[in-house]
Structure formats: C-alpha cells, structure tokens
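Asker: I'd like to ask some things about the structure below.
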Amino acid sequence: MAHDPSGRPKDNALLHDEKENIPSNPTNNRSFQDVLAANASRRNVLSGTLAGAAATFVAPAAFAESRETGGGGKGPLVKFTPLTIDQATQDQTTVSIADEYEYQVLIPWGTPIEPGITEEYAGDPTTRPTPEQAALQIGIGHDGMWFYPERRGRYNRRGEGPAVFKGFLCINHEFGRNAHVLGKSDPESLDDVRLSQAVHGVSVVAIENRYGDWRVVKSPNSRRITANTPVCFSGPAKDSPLLQNPNGNIPLGTVNNCGSGPTPWGTYLTCEENFNGYFGSSEGESFNDQRTDAQLRYGFDFDGFNYGWHLFDRRFDLSDPDYVNESNRFGWVVEIDPYDASQKPVKRTALGRFKHEAIAIAQSRGGRIAAYMGDDQRFDYCYKYVSDKSWRDALRNGESPLDEGVLYVARFNDDNTGDWLELSPNNPVLSNWTIEEILINTRLAADAVGATPMDRPEWTTIGKNGEVYWTLTNNSDRTVPNAANPQAPNSDGHIIRTTDSDNYLGDTFTWEIYILASTTRGTPNVFTDPDAAYADPFGRLFIGTDGGQPDGLQDQLVVFDTTAETPTPCRLLTGVVSDEITGWTVTPDFRTAFTNIQHPGNGNPASTNFPAPFDGTTIPRDCTLVIRRKDGGIVGS
Ligand code: FEO
Ligand code: CA
Ligand code: CA
C-alpha cells in the first residue's frame with residue numbers, strides 16, 4: 001500500500017496501482033479558452049478533406065465579458081461563500097456544494113448512450129452489463145471532457161442561452177478496476193476482458209438542457225469509442241514500422257483516457273495516460289528481466305496494473321511476437337470530431353508518445369497554435385508542440401495543424417527562466433535519431449536533451465493573460481529540491497505558471513510558482529494534490545484535486561481569482577469518500593459547468609453508493625455533475 005511521507009493514505013495511489021507512479025526516469029537531468037472561434041465552413045477536420053457538414057460555434061468570451069457577473073472588473077471574481085471544512089465533512093456519502101450553488105447528476109456509468117438503445121446498468125451488485133451492453137453505455141472513470149454546442153446563434157447578445165438547447169459532451173473514461181467493473185479482481189474469460197475494454201475509452205453523448213434540467217437525447221453523433229474501436233495514425237510517425245505488428249492487425253482502440261482539451265477548430269483531444277498498465281506478459285515474472293530500455297522507461301512489466309487483458313487477448317501480451325509493437329500504439333493524443341461519427345479517431349504522432357495527462361491549446365498570431373502537455377509520472381516532463389502553420393491555413397490545405405510542427409520539452413532554470421528544447425533530429429543531441437524514433441520513444445529523447453524532471457505534471461490551462469498553468473500534483477520520491485520543484489518530498493503538490501517568449505512560439509519562457517499547496521495547510525481553504533485545471537477567460541482558475549486531502553476532507557474543486565494578489569483557493573464542492581474530482585467544461589454562456597465524480601468509494605458499496613442514496617449495497621458509479629449558481633450567474637463567481 002502506498003503512503004506518502006506525511007503519513008496520510010494516498011488512496012488513489014492504491015486505487016490506480018502502486019506501479020502507476022513509480023518513477024521510470026533513470027536520468028539525472030537538472031532537475032483559452034478563446035475556444036471554438038466561429039468557423040463558418042467546417043470541413044472534415046480529421047482526414048483533412050474539405051467535405052463535411054456545417055457546424056459553427058459561438059465565441060463565448062466576447063459574449064460573457066459584457067456581463068457584470070462575468071468579471072467585468074468590479075470587485076473580486078470569486079464571490080461565493082466557500083464551503084467550510086465542517087460543512088464538507090458532515091456527510092461524505094454524497095457531494096457537498098457551496099450554498100449559492102446546486103448540482104444535478106448526469107450520465108453515471110451504465111447510462112445508455114442514447115435513450116432506449118440498451119438497458120441501463122444502475123449499480124445492481126448481483127450483476128454486471130454484458131460487453132455488448134457496455135459498448136452502448138456511458139463508460140466508467142469519467143475524466144477530461146468538453147461541451148460542444150449543437151450550433152451557433154442560440155445565445156443572445158448578453159451571452160444567455162435559450163431555455164432549451166442541445167450539445168455534445170465528449171467525455172473520457174479513464175479507467176475502472178476489475179473489482180468495480182467485473183465484481184472480481186481477475187478476469188476469468190475473454191468476455192470479462194471485453195467488458196473491461198468496453199467501459200474504457202470515450203463517449204460522445206448528445207445532451208439537452210430543458211429549462212435547466214439536463215438529459216441524454218438521441219443523436220446520430222452519439223457513440224462510444226472503446227479499447228476495440230478502429231482508429232488511425234497521422235503525422236510524421238504514422239507509417240513507422242514501430243507501429244506495425246507482424247500480425248498485420250489494424251490499429252484499434254484508446255485506453256486510459258485521462259485529461260483532454262478542445263481545439264480551436266471544434267474537435268476534441270483525448271489523452272492516453274497510463275497505457276502501460278493494460279499490458280502484461282504470458283511469460284510471467286521472467287519477462288521483467290528481458291525488457292528493452294523503452295519498455296522500462298514506459299513502465300511496462302509482466303502483470304501491468306492487474307487488468308489481466310493479456311491473459312485472454314493476445315494484443316495486450318508483451319511476449320506475443322505477433323503483436324510486438326502493439327504497445328507503441330498507445331500513449332498518444334487522439335483527435336475526435338464530436339460532430340461526425342463517421343470519422344475514425346486519429347492518433348496524432350507529432351505530439352509525441354508519453355503518459356499524456358491533458359492538453360491545452362493557445363493560439364498565437366496568425367493562428368499558429370501551441371499545445372501544452374504534461375507527462376504524469378514522478379520526475380517526468382512538461383512539453384509543448386508548435387504548429388508550422390496557422391490552423392486555418394493547414395485545414396484549408398487539407399492538412400491537420402497537429403501533424404506538422406515541432407515538439408519541445410521544458411528545462412526549468414533556477415533563475416525563473418526556461419528553455420524549450422527541440423525534440424527533432426535538428427537538435428544536435430538527437431542527430432542520430434529518426435523523427436519516428438523521437439516521437440515514439442519521446443521520453444528517451446527528452447532524457448537525452450536534458451529536460452527537467454518535475455513533480456508529476458498533470459493538467460495545463462491557458463490563463464486570462466496568456467500564461468500557462470501547470471498542475472504538479474505531488475512527488476513523494478523527491479529528495480533533491482530545485483527552484484521549480486522546491487519541496488523534497490513534495491507531498492502536497494504545487495502549481496507553476498509559465499509565459500513563453502514570442503507569443504507562445506519562442507523557445508524560451510519565464511516561470512513562477514503560483515502556489516505551493518502546502519502553504520494552505522492549517523487554513524480554512526486547505527487543498528492539496530492539484531490535478532484537473534481550467535482557467536476561464538475572466539481570470540478564474542478551477543482546480544480539481546486527486547489525493548488524500550487534509551482535515552478529513554474528500555477530494556475537492558477549488559476556485560482561485562488569479563487577478564488577486566494572493567492566491568486563495570475557494571472550496572466550491574467536495575466529493576464523496578475515496579473519489580477524485582476530474583474534468584471540467586462549461587456551456588458557452590459560462591452559466592453551466594460540468595465536473596466529474598470519479599471512482600466514488602473506489603467502487604466499494606459499503607462506503608458510498610453515490611449517485612444513489614446510501615444503502616450500503618448499490619455499486620457506486622462514476623458520474624458527471626452539472627453545476628449552476630442558483631441565481632443563474634456565471635459559474636465560479
Ligand atoms: Fe489520470 Fe495523472 O491523472
Ligand atoms: Ca488527472
Ligand atoms: Ca492524478
């Protein structure tokens with residue numbers, strides 16, 4: 001059982017897997033949301049053709065900024081009364097939320113992806129869905145997500161949405177442990193493995209708001225993407241032999257979809273994080289002595305995170321010579337078109353292969369983009385990708401802005417400057433590498449160029465003034481501090497903000513520590529282990545936590561006013577026992593937000609049955625919370 005040095009149980013470390021956070025970096029290197037701009041002539045953005053349906057987006061910031069409640073510069077941005085520790089710890093079988101707010105539970109695990117398409121799995125402890133049912137239901141492990149409105153023009157000039165409107169929620173299903181999903185710790189058949197695989201992946205689900213009440217509705221776009229859905233590769237490494245198997249099997253599936261990010265052209269990016277945990281070896285323990293450098297660096301071992309998929313599905317057997325490169329097919333950022341179910345998800349190799357936590361895209365002058373990404377492992381790195389062309393030009397040419405560009409990894413200098421180190425053969429250190437090798441074994445290339453090992457980089461988000469926030473959740477293994485990771489061990493985590501030179505395009509940056517979570521201990525606003533992050537365009541920063549919180553608190557969602565002199569986390573909600581608060585998205589009017597309760601009770605019905613009322617037996621189910629101010633104001637105010 002993993003404990004951090006402070007002595008408090010890190011139950012998520014236990015839940016995910018003890019191996020999940022074991023550092024695998026052997027080097028000793030020194031240590032928008034101006035989303036969805038109107039895009040009148042949509043094309044097939046995934047395959048780069050110009051066919052495709054028209055679908056457009058509102059430009060939400062422009063609308064809502066005109067509203068006093070949105071943060072038009074009148075007083076503090078965060079005005080709600082933060083939930084007190086006493087309020088938050090009274091009943092931890094259910095969610096607690098600040099007085100000015102209300103929530104609605106939406107799409108718990110097992111909800112049919114369209115009404116009537118299959119039965120609901122409602123948490124009956126004596127049964128589980130079949131794999132076929134599960135592939136038509138919302139998956140488990142709700143995490144990164146984004147809301148895509150059905151079409152523009154349905155908001156008035158003050159940014160107010162209509163009483164009835166519709167959109168698509170793209171939502172990640174990061175993981176569900178066997179005990180929760182199967183009701184037993186090990187699969188006993190291929191059918192069991194198929195059920196586990198079917199609850200992983202992504203959902204695109206149509207939802208409708210009728211006078212404030214949200215529900216799932218029918219749509220041809222609604223779909224599940226699972227570990228067995230056909231996908232394709234694009235970008236510089238797409239044809240690499242390292243992505244082909246002797247078996248000749250086509251690329252299938254996405255796993256451990258953790259955080260996410262929207263693109264300015266209206267697609268969804270889902271990030272594959274702990275993909276290593278789904279692989280194992282039929283050779284057993286002796287496999288561990290034969291691992292390649294790359295397998296070691298990516299944390300593969302003979303039994304993974306005990307999912308046991310490799311026991312019944314050869315694709316996940318690291319020792320099967322027919323599938324020798326299958327594991328290289330995971331660890332990518334995957335692009336999904338929420339508006340077109342006929343498009344295969346695309347794995348974008350230019351963004352590199354590592355334990356992708358999440359992604360945040362900033363637009364530079366002319367529409368070139370910079371994408372900021374963390375690799376979540378102790379002592380792993382912060383990355384950015386810069387597109388060669390403006391995204392509009394790339395799409396006009398039938399290309400993807402995520403296929404042609406340069407990947408960099410961060411070196412944080414002690415004087416609050418930093419360098420983006422190029423990961424390409426143009427870097428003299430990598431002149432003997434091919435671009436395919438660099439993009440597929442990105443961690444090894446980043447080791448070679450001297451990136452700074454960080455305290456578990458999780459989400460990234462772009463602040464009001466273009467600064468990039470990076471959550472560094474914790475690192476109980478750190479023994480030697482440095483300026484950017486100043487605590488050893490770092491039990492509580494911290495948030496860094498960076499500003500790049502040359503309007504996101506430059507190869508240098510400045511950085512500062514926004515907050516050390518440990519400094520909130522002993523205050524009413526205590527929080528630790530920052531993970532999910534979202535900055536609204538007005539200056540609010542929303543942080544979801546993942547780790548044993550102090551003072552008896554469960555994981556929580558806190559809001560900062562980044563325009564204030566002193567960063568102060570204000571507690572908006574707390575989750576249920578042994579859960580994690582994941583993901584965040586908002587409607588274009590900023591009046592409805594969505595976040596997730598992930599792995600409530602770690603799946604144990606004796607501790608909570610959320611979202612069902614406490615009965616001690618109903619299996620708790622991961623779910624989304626729709627969050628609103630009771631007065632209809634902007635969320636976070
Ligand atoms: Fe999936 Fe690093 O959280
Ligand atoms: Ca996370
Ligand atoms: Ca985490």
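Please note that chains go A, B, ... in the order of the structure tokens, that every chain numbers its residues from 1, and that ligands are numbered from 1 in the order shown.
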Could you pull out the residues sitting within 10 Å of ligand 1, using only C-alpha atoms and all ligand atoms, and write them as a PyMOL selection string?
Answerer: chain A and resi 12+16+20-21+141+143-144+174-175+256-259+271-274+355-358+374-377+456-459+471-473+531-532+545-546+580+582
Asker: Mind writing the picked residues with N, CA and C atoms as a CSV table (one decimal), in the first residue's frame?
Answerer:
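Below you can see selection-v3.csv, which holds the result:
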```
chain,number,residue,atom,x,y,z
A,12,ASN,N,-5.7,7.1,-3.8
A,12,ASN,CA,-5.8,7.0,-5.2
A,12,ASN,C,-4.5,6.3,-5.8
A,16,HIS,N,-5.3,3.3,-8.2
A,16,HIS,CA,-4.9,3.2,-9.6
A,16,HIS,C,-4.0,2.0,-9.7
A,20,GLU,N,1.7,2.8,-10.7
A,20,GLU,CA,1.4,3.8,-11.6
A,20,GLU,C,2.3,5.0,-11.5
A,21,ASN,N,2.7,5.3,-10.3
A,21,ASN,CA,3.5,6.5,-10.1
A,21,ASN,C,5.0,6.2,-9.8
A,141,GLY,N,-15.0,5.8,-15.1
A,141,GLY,CA,-13.8,6.6,-14.9
A,141,GLY,C,-13.9,7.9,-15.6
A,143,ASP,N,-13.5,11.5,-16.8
A,143,ASP,CA,-12.4,12.4,-16.6
A,143,ASP,C,-12.5,13.6,-17.5
A,144,GLY,N,-11.4,13.9,-18.3
A,144,GLY,CA,-11.5,15.0,-19.1
A,144,GLY,C,-12.7,15.1,-20.0
A,174,GLU,N,-11.5,7.1,-18.1
A,174,GLU,CA,-10.1,6.8,-17.9
A,174,GLU,C,-9.8,5.3,-17.5
A,175,PHE,N,-10.5,4.9,-16.4
A,175,PHE,CA,-10.2,3.5,-16.0
A,175,PHE,C,-11.3,3.1,-15.1
A,256,ASN,N,-7.1,4.4,-21.1
A,256,ASN,CA,-6.6,5.3,-20.0
A,256,ASN,C,-6.7,6.8,-20.4
A,257,ASN,N,-7.9,7.1,-21.0
A,257,ASN,CA,-8.1,8.5,-21.5
A,257,ASN,C,-8.3,9.4,-20.3
A,258,CYS,N,-7.3,10.1,-20.0
A,258,CYS,CA,-7.3,10.9,-18.7
A,258,CYS,C,-7.8,12.3,-19.0
A,259,GLY,N,-7.0,13.3,-19.2
A,259,GLY,CA,-7.5,14.6,-19.4
A,259,GLY,C,-7.7,14.8,-20.9
A,271,CYS,N,-6.5,12.2,-24.2
A,271,CYS,CA,-5.1,12.0,-23.9
A,271,CYS,C,-4.9,10.6,-23.2
A,272,GLU,N,-4.0,9.7,-23.8
A,272,GLU,CA,-3.8,8.4,-23.2
A,272,GLU,C,-2.7,8.4,-22.2
A,273,GLU,N,-3.1,8.2,-20.9
A,273,GLU,CA,-2.1,8.3,-19.9
A,273,GLU,C,-1.4,7.0,-19.5
A,274,ASN,N,-2.0,6.3,-18.5
A,274,ASN,CA,-1.3,5.1,-18.0
A,274,ASN,C,-1.6,3.8,-18.9
A,355,LYS,N,3.0,9.5,-21.2
A,355,LYS,CA,1.8,9.3,-20.4
A,355,LYS,C,1.1,10.7,-20.4
A,356,HIS,N,0.4,10.9,-21.6
A,356,HIS,CA,-0.3,12.2,-21.8
A,356,HIS,C,-1.4,12.4,-20.8
A,357,GLU,N,-1.3,13.4,-20.0
A,357,GLU,CA,-2.3,13.7,-19.0
A,357,GLU,C,-3.4,14.5,-19.6
A,358,ALA,N,-3.1,15.6,-20.3
A,358,ALA,CA,-4.1,16.5,-20.8
A,358,ALA,C,-3.4,17.5,-21.8
A,374,GLY,N,1.5,17.8,-20.2
A,374,GLY,CA,2.3,17.1,-19.1
A,374,GLY,C,2.3,15.6,-19.3
A,375,ASP,N,3.5,15.1,-18.8
A,375,ASP,CA,3.7,13.6,-18.8
A,375,ASP,C,3.6,13.3,-17.3
A,376,ASP,N,2.5,12.6,-16.9
A,376,ASP,CA,2.3,12.4,-15.5
A,376,ASP,C,3.0,11.2,-14.9
A,377,GLN,N,4.2,11.4,-14.4
A,377,GLN,CA,4.9,10.4,-13.6
A,377,GLN,C,5.9,11.2,-12.8
A,456,ARG,N,5.4,15.3,-11.2
A,456,ARG,CA,4.2,14.8,-11.8
A,456,ARG,C,3.3,15.9,-12.5
A,457,PRO,N,3.7,16.2,-13.7
A,457,PRO,CA,2.9,17.2,-14.4
A,457,PRO,C,1.6,16.7,-14.8
A,458,GLU,N,0.5,17.3,-14.4
A,458,GLU,CA,-0.9,16.9,-14.7
A,458,GLU,C,-1.4,17.8,-15.8
A,459,TRP,N,-2.5,18.6,-15.4
A,459,TRP,CA,-3.2,19.4,-16.5
A,459,TRP,C,-2.5,20.7,-16.7
A,471,THR,N,-0.4,22.0,-13.3
A,471,THR,CA,-0.5,21.4,-12.0
A,471,THR,C,0.5,20.3,-11.9
A,472,LEU,N,1.2,20.4,-10.7
A,472,LEU,CA,2.2,19.3,-10.4
A,472,LEU,C,1.7,18.7,-9.1
A,473,THR,N,1.2,17.5,-9.3
A,473,THR,CA,0.3,17.0,-8.2
A,473,THR,C,1.0,16.6,-6.9
A,531,ASP,N,-4.8,18.7,-9.7
A,531,ASP,CA,-4.8,17.8,-10.8
A,531,ASP,C,-5.5,18.5,-12.0
A,532,ALA,N,-6.8,18.3,-12.1
A,532,ALA,CA,-7.6,18.9,-13.2
A,532,ALA,C,-7.5,20.5,-13.1
A,545,THR,N,-8.9,18.2,-7.3
A,545,THR,CA,-7.8,17.6,-6.6
A,545,THR,C,-7.9,16.0,-6.8
A,546,ASP,N,-6.7,15.4,-6.6
A,546,ASP,CA,-6.6,13.9,-6.6
A,546,ASP,C,-5.6,13.5,-5.6
A,580,GLU,N,-12.4,11.1,-6.7
A,580,GLU,CA,-11.4,12.0,-7.3
A,580,GLU,C,-12.3,13.0,-8.1
A,582,THR,N,-12.6,15.2,-11.3
A,582,THR,CA,-11.9,15.2,-12.6
A,582,THR,C,-12.7,16.0,-13.6
```
Asker: Need to verify the contact set: Ile435 (chain A), 8 Å, only C-alpha atoms, exclusion of same-chain residues closer than 3 positions in sequence. Can you return it as a list in words?
Answerer: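 Residues meeting the cut-off are Pro236, Ala237, Ser424, Pro425, Ile438 and Leu439 of chain A.
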Asker: Pull C-alpha atoms from the residues just selected and write them as a compact mmCIF listing (two decimals), in the first residue's frame.
Answerer:
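The resulting file, result13.txt, is reproduced below:
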```
# COMPACT_ATOMS: atom_id res chain seq x y z
CA PRO A 236 5.45 12.06 -39.02
CA ALA A 237 5.50 8.60 -37.40
CA SER A 424 13.84 16.54 -33.54
CA PRO A 425 16.94 15.47 -35.45
CA ILE A 438 11.83 10.52 -31.26
CA LEU A 439 8.05 10.67 -31.48
```
Asker: Apply DSSP to the backbone of this structure and, from region 380-603 of chain A, keep only the residues in helix (DSSP H, G or I); write these as a ChimeraX atom specification.
Answerer: /A:391-396,428-430,435-440,442-449,517-520,600-603
Asker: Measuring between only C-alpha atoms, which one of A:Arg368, A:Thr618, A:Asn306, A:Asn249 shows the shortest distance to Ser185 (chain A)?
Answerer: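 Between A:Arg368, A:Thr618, A:Asn306, A:Asn249, the residue approaching Ser185 (chain A) most closely is A:Asn306.
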Asker: Find the residue from A:Asn465, A:Thr566, A:Gln244, A:Asn474 that sits nearest to ligand 2; use only C-alpha atoms and all ligand atoms when measuring.
Answerer: A:Asn474
Asker: Env of Gly253 (chain A): 7 Å cut, atoms = only C-alpha atoms, seq-sep filter 3 positions within chain, self excluded. Answer as a list in words.
Answerer: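 Residues meeting the cut-off are Thr226, Ala227, Asn228, Thr229, Pro230 and Val231 of chain A.
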Asker: Any chance you could list, as a count of residues only, the residues in region 214-463 of chain A that come up strand (DSSP E or B) when DSSP is run on the backbone?
Answerer: 81
Asker: In Å, how far is it from CA of Ile440 (chain A) to CA of Val346 (chain A)?
Answerer: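 Interatomic distance here is 15.4 Å.
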Asker: From the options A:Leu516, A:Ala533, A:Leu395, A:Val78, which residue's atoms come nearest to ligand 2, counting only C-alpha atoms and all ligand atoms?
Answerer: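 Closest to ligand 2 of all the choices is A:Ala533.
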Asker: Rank A:Gly616, A:Pro567, A:Gly636, A:Gly167 by their smallest atom-to-atom distance to Phe542 (chain A), using only C-alpha atoms, and report the top residue only.
Answerer: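 The shortest atom-to-atom distance to Phe542 (chain A) comes from A:Gly636.
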Asker: Between A:Leu182, A:Val409, A:Leu572, A:Leu625, which one has atoms that come closest to Thr127 (chain A), using only C-alpha atoms?
Answerer: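 Nearest to Thr127 (chain A): A:Leu182.
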